[in-house]
Structure formats: C-alpha cells, structure tokens
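Colleague: Pasting entry.txt here (compact mmCIF, N, CA and C atoms):
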# COMPACT_ATOMS: atom_id res chain seq x y z
N MET A 1 0.85 -1.18 0.00
CA MET A 1 0.00 0.00 0.00
C MET A 1 0.89 1.24 0.00
N SER A 2 0.45 2.26 -0.71
CA SER A 2 1.28 3.45 -0.86
C SER A 2 1.07 4.42 0.30
N LEU A 3 2.06 5.25 0.53
CA LEU A 3 1.99 6.29 1.56
C LEU A 3 0.84 7.25 1.26
N VAL A 4 0.76 7.71 0.03
CA VAL A 4 -0.31 8.65 -0.35
C VAL A 4 -1.68 7.99 -0.17
N GLY A 5 -1.79 6.74 -0.57
CA GLY A 5 -3.05 6.03 -0.39
C GLY A 5 -3.43 5.92 1.07
N ASP A 6 -2.46 5.62 1.93
CA ASP A 6 -2.74 5.51 3.36
C ASP A 6 -3.14 6.86 3.96
N ILE A 7 -2.48 7.93 3.54
CA ILE A 7 -2.86 9.26 4.03
C ILE A 7 -4.33 9.53 3.67
N PHE A 8 -4.68 9.23 2.43
CA PHE A 8 -6.05 9.41 1.98
C PHE A 8 -7.02 8.55 2.80
N ARG A 9 -6.69 7.27 3.00
CA ARG A 9 -7.57 6.36 3.73
C ARG A 9 -7.79 6.83 5.17
N VAL A 10 -6.72 7.27 5.83
CA VAL A 10 -6.85 7.74 7.22
C VAL A 10 -7.72 9.00 7.26
N ALA A 11 -7.43 9.96 6.38
CA ALA A 11 -8.20 11.21 6.36
C ALA A 11 -9.66 10.95 6.00
N TRP A 12 -9.93 10.00 5.14
CA TRP A 12 -11.29 9.66 4.73
C TRP A 12 -12.04 8.96 5.87
N ALA A 13 -11.36 8.09 6.61
CA ALA A 13 -12.00 7.32 7.68
C ALA A 13 -12.30 8.15 8.91
N LEU A 14 -11.46 9.11 9.21
CA LEU A 14 -11.56 9.84 10.47
C LEU A 14 -12.93 10.47 10.72
N PRO A 15 -13.52 11.25 9.81
CA PRO A 15 -14.80 11.89 10.14
C PRO A 15 -15.92 10.91 10.47
N SER A 16 -16.04 9.83 9.71
CA SER A 16 -17.13 8.89 9.99
C SER A 16 -16.88 8.14 11.30
N ILE A 17 -15.64 7.81 11.57
CA ILE A 17 -15.34 7.12 12.83
C ILE A 17 -15.55 8.05 14.02
N GLU A 18 -15.19 9.31 13.88
CA GLU A 18 -15.41 10.25 14.97
C GLU A 18 -16.90 10.43 15.24
N LEU A 19 -17.70 10.54 14.20
CA LEU A 19 -19.15 10.64 14.38
C LEU A 19 -19.70 9.39 15.06
N ASP A 20 -19.29 8.23 14.56
CA ASP A 20 -19.77 6.97 15.16
C ASP A 20 -19.27 6.81 16.60
N ARG A 21 -18.06 7.27 16.88
CA ARG A 21 -17.51 7.18 18.24
C ARG A 21 -18.36 7.98 19.22
N ARG A 22 -18.93 9.05 18.75
CA ARG A 22 -19.74 9.91 19.61
C ARG A 22 -21.20 9.47 19.69
N THR A 23 -21.64 8.61 18.78
CA THR A 23 -23.07 8.26 18.74
C THR A 23 -23.38 6.78 18.96
N LEU A 24 -22.41 5.91 18.75
CA LEU A 24 -22.64 4.47 18.92
C LEU A 24 -21.92 3.96 20.16
N GLY A 25 -22.46 2.94 20.75
CA GLY A 25 -21.78 2.29 21.85
C GLY A 25 -20.64 1.43 21.32
N PRO A 26 -19.75 0.97 22.21
CA PRO A 26 -18.59 0.20 21.76
C PRO A 26 -18.93 -1.07 20.99
N GLY A 27 -19.98 -1.79 21.39
CA GLY A 27 -20.34 -3.03 20.69
C GLY A 27 -20.70 -2.82 19.22
N PRO A 28 -21.72 -2.01 18.95
CA PRO A 28 -22.09 -1.76 17.55
C PRO A 28 -20.97 -1.08 16.75
N LEU A 29 -20.25 -0.19 17.40
CA LEU A 29 -19.17 0.51 16.70
C LEU A 29 -18.05 -0.46 16.33
N LEU A 30 -17.64 -1.32 17.24
CA LEU A 30 -16.60 -2.30 16.93
C LEU A 30 -17.03 -3.25 15.82
N GLU A 31 -18.27 -3.66 15.86
CA GLU A 31 -18.78 -4.54 14.80
C GLU A 31 -18.67 -3.85 13.44
N LYS A 32 -19.03 -2.59 13.39
CA LYS A 32 -18.99 -1.82 12.15
C LYS A 32 -17.56 -1.64 11.64
N VAL A 33 -16.64 -1.21 12.51
CA VAL A 33 -15.28 -0.95 12.03
C VAL A 33 -14.53 -2.25 11.74
N ARG A 34 -14.83 -3.32 12.49
CA ARG A 34 -14.18 -4.60 12.20
C ARG A 34 -14.62 -5.14 10.84
N ALA A 35 -15.89 -4.99 10.52
CA ALA A 35 -16.37 -5.43 9.20
C ALA A 35 -15.64 -4.66 8.10
N ARG A 36 -15.46 -3.39 8.30
CA ARG A 36 -14.73 -2.56 7.33
C ARG A 36 -13.27 -3.01 7.23
N GLY A 37 -12.65 -3.25 8.36
CA GLY A 37 -11.24 -3.66 8.38
C GLY A 37 -11.00 -5.01 7.74
N ARG A 38 -11.94 -5.95 7.92
CA ARG A 38 -11.79 -7.28 7.31
C ARG A 38 -11.79 -7.19 5.79
N ARG A 39 -12.42 -6.15 5.24
CA ARG A 39 -12.45 -5.97 3.78
C ARG A 39 -11.22 -5.21 3.26
N SER A 40 -10.39 -4.72 4.16
CA SER A 40 -9.19 -3.96 3.75
C SER A 40 -8.10 -4.91 3.27
N GLY A 41 -7.19 -4.37 2.48
CA GLY A 41 -6.07 -5.17 1.98
C GLY A 41 -5.07 -5.50 3.07
N ALA A 42 -4.46 -6.68 2.93
CA ALA A 42 -3.45 -7.12 3.90
C ALA A 42 -2.24 -6.18 3.86
N ARG A 43 -1.58 -6.05 4.98
CA ARG A 43 -0.40 -5.18 5.11
C ARG A 43 0.78 -5.98 5.66
N THR A 44 1.95 -5.58 5.25
CA THR A 44 3.17 -6.12 5.86
C THR A 44 3.36 -5.43 7.20
N ALA A 45 4.25 -5.95 8.02
CA ALA A 45 4.53 -5.31 9.31
C ALA A 45 5.02 -3.87 9.14
N PRO A 46 5.94 -3.58 8.20
CA PRO A 46 6.35 -2.17 8.02
C PRO A 46 5.20 -1.28 7.54
N GLU A 47 4.31 -1.82 6.71
CA GLU A 47 3.16 -1.03 6.26
C GLU A 47 2.21 -0.73 7.42
N ARG A 48 2.05 -1.69 8.32
CA ARG A 48 1.19 -1.46 9.49
C ARG A 48 1.83 -0.43 10.42
N ASP A 49 3.14 -0.51 10.61
CA ASP A 49 3.83 0.50 11.43
C ASP A 49 3.63 1.89 10.85
N ARG A 50 3.77 2.01 9.52
CA ARG A 50 3.59 3.30 8.86
C ARG A 50 2.14 3.79 9.04
N LEU A 51 1.18 2.88 8.90
CA LEU A 51 -0.22 3.24 9.10
C LEU A 51 -0.44 3.78 10.52
N GLN A 52 0.12 3.12 11.51
CA GLN A 52 -0.03 3.57 12.89
C GLN A 52 0.56 4.97 13.09
N ARG A 53 1.71 5.24 12.49
CA ARG A 53 2.33 6.56 12.60
C ARG A 53 1.44 7.62 11.93
N LEU A 54 0.90 7.29 10.76
CA LEU A 54 0.01 8.23 10.07
C LEU A 54 -1.26 8.50 10.88
N ILE A 55 -1.81 7.47 11.46
CA ILE A 55 -3.01 7.64 12.29
C ILE A 55 -2.70 8.57 13.46
N ARG A 56 -1.57 8.35 14.14
CA ARG A 56 -1.20 9.23 15.26
C ARG A 56 -1.03 10.68 14.80
N LEU A 57 -0.39 10.86 13.66
CA LEU A 57 -0.16 12.20 13.12
C LEU A 57 -1.48 12.90 12.80
N VAL A 58 -2.36 12.24 12.09
CA VAL A 58 -3.64 12.84 11.71
C VAL A 58 -4.51 13.06 12.96
N ASP A 59 -4.53 12.08 13.86
CA ASP A 59 -5.35 12.18 15.07
C ASP A 59 -4.91 13.36 15.93
N ALA A 60 -3.64 13.64 15.99
CA ALA A 60 -3.13 14.75 16.79
C ALA A 60 -3.62 16.10 16.27
N CYS A 61 -4.03 16.16 15.02
CA CYS A 61 -4.51 17.41 14.41
C CYS A 61 -5.99 17.67 14.63
N VAL A 62 -6.70 16.71 15.18
CA VAL A 62 -8.14 16.87 15.41
C VAL A 62 -8.34 17.87 16.54
N PRO A 63 -9.28 18.82 16.38
CA PRO A 63 -9.56 19.75 17.48
C PRO A 63 -9.86 18.99 18.77
N GLY A 64 -9.28 19.43 19.84
CA GLY A 64 -9.44 18.75 21.11
C GLY A 64 -8.32 17.77 21.39
N GLY A 65 -7.46 17.54 20.42
CA GLY A 65 -6.30 16.67 20.61
C GLY A 65 -6.57 15.23 20.28
N GLY A 66 -5.53 14.44 20.39
CA GLY A 66 -5.58 13.03 20.05
C GLY A 66 -6.45 12.23 21.01
N ASN A 67 -6.88 11.06 20.54
CA ASN A 67 -7.74 10.20 21.34
C ASN A 67 -7.36 8.75 21.04
N CYS A 68 -6.95 8.02 22.06
CA CYS A 68 -6.47 6.65 21.87
C CYS A 68 -7.57 5.73 21.34
N TYR A 69 -8.79 5.91 21.78
CA TYR A 69 -9.91 5.09 21.30
C TYR A 69 -10.14 5.34 19.82
N ARG A 70 -10.13 6.61 19.40
CA ARG A 70 -10.31 6.95 17.99
C ARG A 70 -9.18 6.36 17.15
N ARG A 71 -7.94 6.45 17.64
CA ARG A 71 -6.80 5.88 16.90
C ARG A 71 -6.97 4.38 16.72
N ALA A 72 -7.37 3.69 17.76
CA ALA A 72 -7.57 2.23 17.67
C ALA A 72 -8.68 1.90 16.68
N LEU A 73 -9.77 2.66 16.72
CA LEU A 73 -10.88 2.41 15.81
C LEU A 73 -10.48 2.63 14.35
N ILE A 74 -9.72 3.67 14.09
CA ILE A 74 -9.26 3.92 12.72
C ILE A 74 -8.37 2.78 12.25
N GLU A 75 -7.47 2.34 13.10
CA GLU A 75 -6.59 1.23 12.71
C GLU A 75 -7.40 -0.03 12.44
N ILE A 76 -8.37 -0.33 13.28
CA ILE A 76 -9.22 -1.51 13.06
C ILE A 76 -9.93 -1.40 11.72
N ALA A 77 -10.41 -0.21 11.38
CA ALA A 77 -11.16 -0.02 10.14
C ALA A 77 -10.29 -0.12 8.90
N LEU A 78 -8.97 0.06 9.04
CA LEU A 78 -8.10 0.11 7.86
C LEU A 78 -7.13 -1.06 7.74
N ASP A 79 -7.12 -1.95 8.73
CA ASP A 79 -6.15 -3.04 8.69
C ASP A 79 -6.80 -4.35 9.15
N PRO A 80 -6.77 -5.39 8.30
CA PRO A 80 -7.44 -6.64 8.68
C PRO A 80 -6.80 -7.33 9.89
N THR A 81 -5.50 -7.16 10.09
CA THR A 81 -4.86 -7.74 11.27
C THR A 81 -5.37 -7.06 12.54
N ALA A 82 -5.46 -5.73 12.50
CA ALA A 82 -5.99 -4.99 13.64
C ALA A 82 -7.46 -5.34 13.89
N ALA A 83 -8.20 -5.58 12.82
CA ALA A 83 -9.62 -5.93 12.96
C ALA A 83 -9.81 -7.25 13.71
N ALA A 84 -8.80 -8.11 13.69
CA ALA A 84 -8.89 -9.40 14.37
C ALA A 84 -8.35 -9.36 15.80
N GLU A 85 -7.71 -8.27 16.19
CA GLU A 85 -7.13 -8.17 17.53
C GLU A 85 -8.16 -7.67 18.53
N PRO A 86 -7.99 -8.05 19.81
CA PRO A 86 -8.89 -7.51 20.82
C PRO A 86 -8.61 -6.02 21.05
N LEU A 87 -9.68 -5.27 21.28
CA LEU A 87 -9.56 -3.87 21.69
C LEU A 87 -9.66 -3.86 23.20
N ARG A 88 -8.67 -3.27 23.84
CA ARG A 88 -8.62 -3.28 25.30
C ARG A 88 -8.84 -1.87 25.84
N PHE A 89 -9.48 -1.84 26.99
CA PHE A 89 -9.74 -0.59 27.70
C PHE A 89 -9.19 -0.72 29.11
N GLY A 90 -8.48 0.29 29.56
CA GLY A 90 -8.02 0.36 30.94
C GLY A 90 -8.60 1.60 31.59
N LEU A 91 -9.16 1.45 32.80
CA LEU A 91 -9.80 2.56 33.49
C LEU A 91 -9.24 2.71 34.89
N ARG A 92 -9.11 3.97 35.31
CA ARG A 92 -8.68 4.27 36.68
C ARG A 92 -9.89 4.75 37.49
N GLU A 93 -9.88 4.41 38.75
CA GLU A 93 -11.02 4.65 39.63
C GLU A 93 -11.41 6.12 39.72
N HIS A 94 -10.48 7.04 39.71
CA HIS A 94 -10.81 8.45 39.95
C HIS A 94 -11.63 9.07 38.83
N GLY A 95 -11.63 8.48 37.64
CA GLY A 95 -12.41 9.00 36.52
C GLY A 95 -11.89 10.34 36.01
N GLY A 96 -12.62 10.92 35.08
CA GLY A 96 -12.23 12.21 34.53
C GLY A 96 -11.27 12.08 33.37
N PRO A 97 -10.89 13.22 32.79
CA PRO A 97 -9.98 13.21 31.65
C PRO A 97 -8.65 12.52 31.96
N GLY A 98 -8.19 11.73 31.04
CA GLY A 98 -6.91 11.04 31.21
C GLY A 98 -6.96 9.86 32.15
N SER A 99 -8.14 9.41 32.55
CA SER A 99 -8.23 8.31 33.51
C SER A 99 -8.38 6.95 32.85
N GLY A 100 -8.31 6.91 31.53
CA GLY A 100 -8.44 5.64 30.83
C GLY A 100 -7.58 5.61 29.59
N HIS A 101 -7.52 4.43 29.00
CA HIS A 101 -6.73 4.25 27.79
C HIS A 101 -7.33 3.09 27.00
N ALA A 102 -7.19 3.17 25.67
CA ALA A 102 -7.63 2.09 24.78
C ALA A 102 -6.45 1.70 23.91
N TRP A 103 -6.30 0.40 23.65
CA TRP A 103 -5.21 -0.07 22.81
C TRP A 103 -5.59 -1.39 22.19
N LEU A 104 -4.85 -1.76 21.16
CA LEU A 104 -5.08 -3.03 20.46
C LEU A 104 -4.10 -4.08 20.93
N GLY A 105 -4.54 -5.32 20.90
CA GLY A 105 -3.65 -6.44 21.18
C GLY A 105 -3.45 -6.69 22.65
N GLY A 106 -2.22 -7.08 22.98
CA GLY A 106 -1.88 -7.44 24.36
C GLY A 106 -1.65 -6.23 25.24
N ARG A 107 -1.05 -6.50 26.35
CA ARG A 107 -0.74 -5.46 27.35
C ARG A 107 0.21 -4.43 26.75
N PRO A 108 -0.04 -3.13 27.00
CA PRO A 108 0.91 -2.13 26.49
C PRO A 108 2.28 -2.33 27.13
N ASP A 109 3.30 -1.84 26.48
CA ASP A 109 4.67 -2.05 26.95
C ASP A 109 5.05 -1.18 28.13
N ASP A 110 4.18 -0.27 28.53
CA ASP A 110 4.54 0.60 29.64
C ASP A 110 4.16 -0.04 30.97
N THR A 111 4.41 0.67 32.05
CA THR A 111 4.15 0.13 33.39
C THR A 111 2.86 0.72 33.98
N THR A 112 2.05 1.35 33.17
CA THR A 112 0.80 1.94 33.64
C THR A 112 -0.12 0.84 34.17
N ARG A 113 -0.70 1.10 35.30
CA ARG A 113 -1.64 0.15 35.91
C ARG A 113 -3.03 0.77 35.93
N TYR A 114 -4.04 -0.05 35.68
CA TYR A 114 -5.42 0.39 35.68
C TYR A 114 -6.19 -0.36 36.75
N ASP A 115 -7.22 0.27 37.28
CA ASP A 115 -8.06 -0.37 38.28
C ASP A 115 -8.97 -1.43 37.65
N ALA A 116 -9.30 -1.24 36.38
CA ALA A 116 -10.13 -2.22 35.67
C ALA A 116 -9.67 -2.26 34.21
N GLU A 117 -9.65 -3.46 33.66
CA GLU A 117 -9.32 -3.64 32.25
C GLU A 117 -10.37 -4.54 31.61
N PHE A 118 -10.74 -4.17 30.37
CA PHE A 118 -11.73 -4.90 29.61
C PHE A 118 -11.20 -5.15 28.21
N ALA A 119 -11.69 -6.20 27.60
CA ALA A 119 -11.32 -6.49 26.20
C ALA A 119 -12.60 -6.75 25.42
N ALA A 120 -12.61 -6.26 24.20
CA ALA A 120 -13.78 -6.48 23.33
C ALA A 120 -13.30 -6.98 21.99
Will you turn the file into structure tokens for me?
Modeller:
Amino acid sequence: MSLVGDIFRVAWALPSIELDRRTLGPGPLLEKVRARGRRSGARTAPERDRLQRLIRLVDACVPGGGNCYRRALIEIALDPTAAAEPLRFGLREHGGPGSGHAWLGGRPDDTTRYDAEFAA
C-alpha cells in the first residue's frame, strides 16, 4: 500500500469514525469498524507500522487533541490484522480526563496500571 493512499484512507476514515464514536456504543461501533477492516487489503509489518504513525499524526490534528480510542478504531477499520485483535480498555477509579486508555492487542509495553481492564 502506498503512503499517499494511506494518508487518503486515514483522512477519509476519520470523520465517519469520529461521528460513530460519539453516537454508537462500543459493541455496535466495533462490529462496524471490524467489518470494514476485514475488507481492507493485507499489510506487511512495516506497512502497518507506517499506518499507525500516520493515524497518530492525523489524530493529533483533530480539534481537542488526540484520542487513543479513535486511533484504535481507525486502525481496526483500515487493517485486517488490527480488525482481528482484541480492543482493550483500561480505566482508573478516579475518573475524569486522562483516567483511561484504549489499545489493540496485548498489554501495552509501559508500566501503567489500571483499576479495571476490559477487552472487546
């Protein structure tokens, strides 16, 4: 997959995923983006790394700043490998901004601890 094509795909996916993120619950939203991701073309590991970097770059430009849940949803929608991975949520008891995180796959490589973790 080309760099230009991936930039286009990320920019095209972001508005619909952001709207769905704000209006759908996690179950229906994951079903929708996973179906889209399963139809996407396979990627090599370097292509997936590049896609993740592009998603972070574009996501950081969204008003209000980046959002880990939105980044994971975009990746799921654009990569069949990501569409097959579990989406994980970590939450801290105190709540509020910055009290949670979403990521794909296994445990993140950092030492952050959460009071509750869920996988979907």
Colleague: With distances taken over only C-alpha atoms, which of A:Thr112, A:Ser2, A:Ser99, A:Ser16 is nearest to Arg70 in chain A?
Modeller: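 The closest residue to Arg70 in chain A is A:Ser16.
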Colleague: List the neighbours of range 52-67 of chain A out to 8 Å using all atoms listed in the file; skip same-chain residues closer than 4 positions along the sequence, and give me the result as an MDAnalysis selection string.
Modeller: chainID A and resid 6:7 10:11 46:48 71:75 102
Colleague: Would you output that residue set with N, CA and C atoms, as a CSV table (one decimal), in the frame of the given file?
Modeller:
chain,number,residue,atom,x,y,z
A,6,ASP,N,-2.5,5.6,1.9
A,6,ASP,CA,-2.7,5.5,3.4
A,6,ASP,C,-3.1,6.9,4.0
A,7,ILE,N,-2.5,7.9,3.5
A,7,ILE,CA,-2.9,9.3,4.0
A,7,ILE,C,-4.3,9.5,3.7
A,10,VAL,N,-6.7,7.3,5.8
A,10,VAL,CA,-6.8,7.7,7.2
A,10,VAL,C,-7.7,9.0,7.3
A,11,ALA,N,-7.4,10.0,6.4
A,11,ALA,CA,-8.2,11.2,6.4
A,11,ALA,C,-9.7,11.0,6.0
A,46,PRO,N,5.9,-3.6,8.2
A,46,PRO,CA,6.4,-2.2,8.0
A,46,PRO,C,5.2,-1.3,7.5
A,47,GLU,N,4.3,-1.8,6.7
A,47,GLU,CA,3.2,-1.0,6.3
A,47,GLU,C,2.2,-0.7,7.4
A,48,ARG,N,2.0,-1.7,8.3
A,48,ARG,CA,1.2,-1.5,9.5
A,48,ARG,C,1.8,-0.4,10.4
A,71,ARG,N,-7.9,6.4,17.6
A,71,ARG,CA,-6.8,5.9,16.9
A,71,ARG,C,-7.0,4.4,16.7
A,72,ALA,N,-7.4,3.7,17.8
A,72,ALA,CA,-7.6,2.2,17.7
A,72,ALA,C,-8.7,1.9,16.7
A,73,LEU,N,-9.8,2.7,16.7
A,73,LEU,CA,-10.9,2.4,15.8
A,73,LEU,C,-10.5,2.6,14.4
A,74,ILE,N,-9.7,3.7,14.1
A,74,ILE,CA,-9.3,3.9,12.7
A,74,ILE,C,-8.4,2.8,12.2
A,75,GLU,N,-7.5,2.3,13.1
A,75,GLU,CA,-6.6,1.2,12.7
A,75,GLU,C,-7.4,0.0,12.4
A,102,ALA,N,-7.2,3.2,25.7
A,102,ALA,CA,-7.6,2.1,24.8
A,102,ALA,C,-6.4,1.7,23.9
Colleague: Do you have the CA of Ala82 in chain A-CA of Arg22 in chain A distance handy?
Modeller: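 Interatomic distance, CA of Ala82 in chain A to CA of Arg22 in chain A: 21.1 Å.
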Colleague: Do you know which residues are at most 6.5 Å from Asp79 in chain A counting all atoms listed in the file, after dropping those on the same chain fewer than 4 positions away, and could you put them as a PyMOL selection string?
Modeller: chain A and resi 36-38+40-41+74-75+83-84
Colleague: Keeping N, CA and C atoms for every residue in the selection just given, could you write it to a file as an mmCIF file, keeping the file's coordinate frame?
Modeller:
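Now in out15.cif:
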data_model
loop_
_atom_site.group_PDB
_atom_site.id
_atom_site.type_symbol
_atom_site.label_atom_id
_atom_site.label_comp_id
_atom_site.auth_asym_id
_atom_site.auth_seq_id
_atom_site.Cartn_x
_atom_site.Cartn_y
_atom_site.Cartn_z
ATOM 1 N N ARG A 36 -15.460 -3.390 8.300
ATOM 2 C CA ARG A 36 -14.730 -2.560 7.330
ATOM 3 C C ARG A 36 -13.270 -3.010 7.230
ATOM 4 N N GLY A 37 -12.650 -3.250 8.360
ATOM 5 C CA GLY A 37 -11.240 -3.660 8.380
ATOM 6 C C GLY A 37 -11.000 -5.010 7.740
ATOM 7 N N ARG A 38 -11.940 -5.950 7.920
ATOM 8 C CA ARG A 38 -11.790 -7.280 7.310
ATOM 9 C C ARG A 38 -11.790 -7.190 5.790
ATOM 10 N N SER A 40 -10.390 -4.720 4.160
ATOM 11 C CA SER A 40 -9.190 -3.960 3.750
ATOM 12 C C SER A 40 -8.100 -4.910 3.270
ATOM 13 N N GLY A 41 -7.190 -4.370 2.480
ATOM 14 C CA GLY A 41 -6.070 -5.170 1.980
ATOM 15 C C GLY A 41 -5.070 -5.500 3.070
ATOM 16 N N ILE A 74 -9.720 3.670 14.090
ATOM 17 C CA ILE A 74 -9.260 3.920 12.720
ATOM 18 C C ILE A 74 -8.370 2.780 12.250
ATOM 19 N N GLU A 75 -7.470 2.340 13.100
ATOM 20 C CA GLU A 75 -6.590 1.230 12.710
ATOM 21 C C GLU A 75 -7.400 -0.030 12.440
ATOM 22 N N ALA A 83 -8.200 -5.580 12.820
ATOM 23 C CA ALA A 83 -9.620 -5.930 12.960
ATOM 24 C C ALA A 83 -9.810 -7.250 13.710
ATOM 25 N N ALA A 84 -8.800 -8.110 13.690
ATOM 26 C CA ALA A 84 -8.890 -9.400 14.370
ATOM 27 C C ALA A 84 -8.350 -9.360 15.800
#
Colleague: Could you please determine the separation between atom N of Arg21 in chain A and CA of Thr111 in chain A in Å, to one decimal place?
Modeller: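 Atom N of Arg21 in chain A sits 28.6 Å away from CA of Thr111 in chain A.
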Colleague: Between atom N of Arg9 in chain A and atom N of Asp49 in chain A, what is the distance in Å, rounded to a tenth?
Modeller: 14.7 Å
Colleague: Need the shell around Glu93 in chain A: protein/DNA/RNA residues with any atom at most 8 Å away, counting only N, CA and C atoms. Skip same-chain ones fewer than 4 positions apart. Format as a ChimeraX atom specification?
Modeller: /A:99-100,114-116
Colleague: As a ChimeraX atom specification, please: all residues of range 47-117 of chain A that backbone DSSP puts in helix (DSSP H, G or I).
Modeller: /A:47-60,68-78,80-84
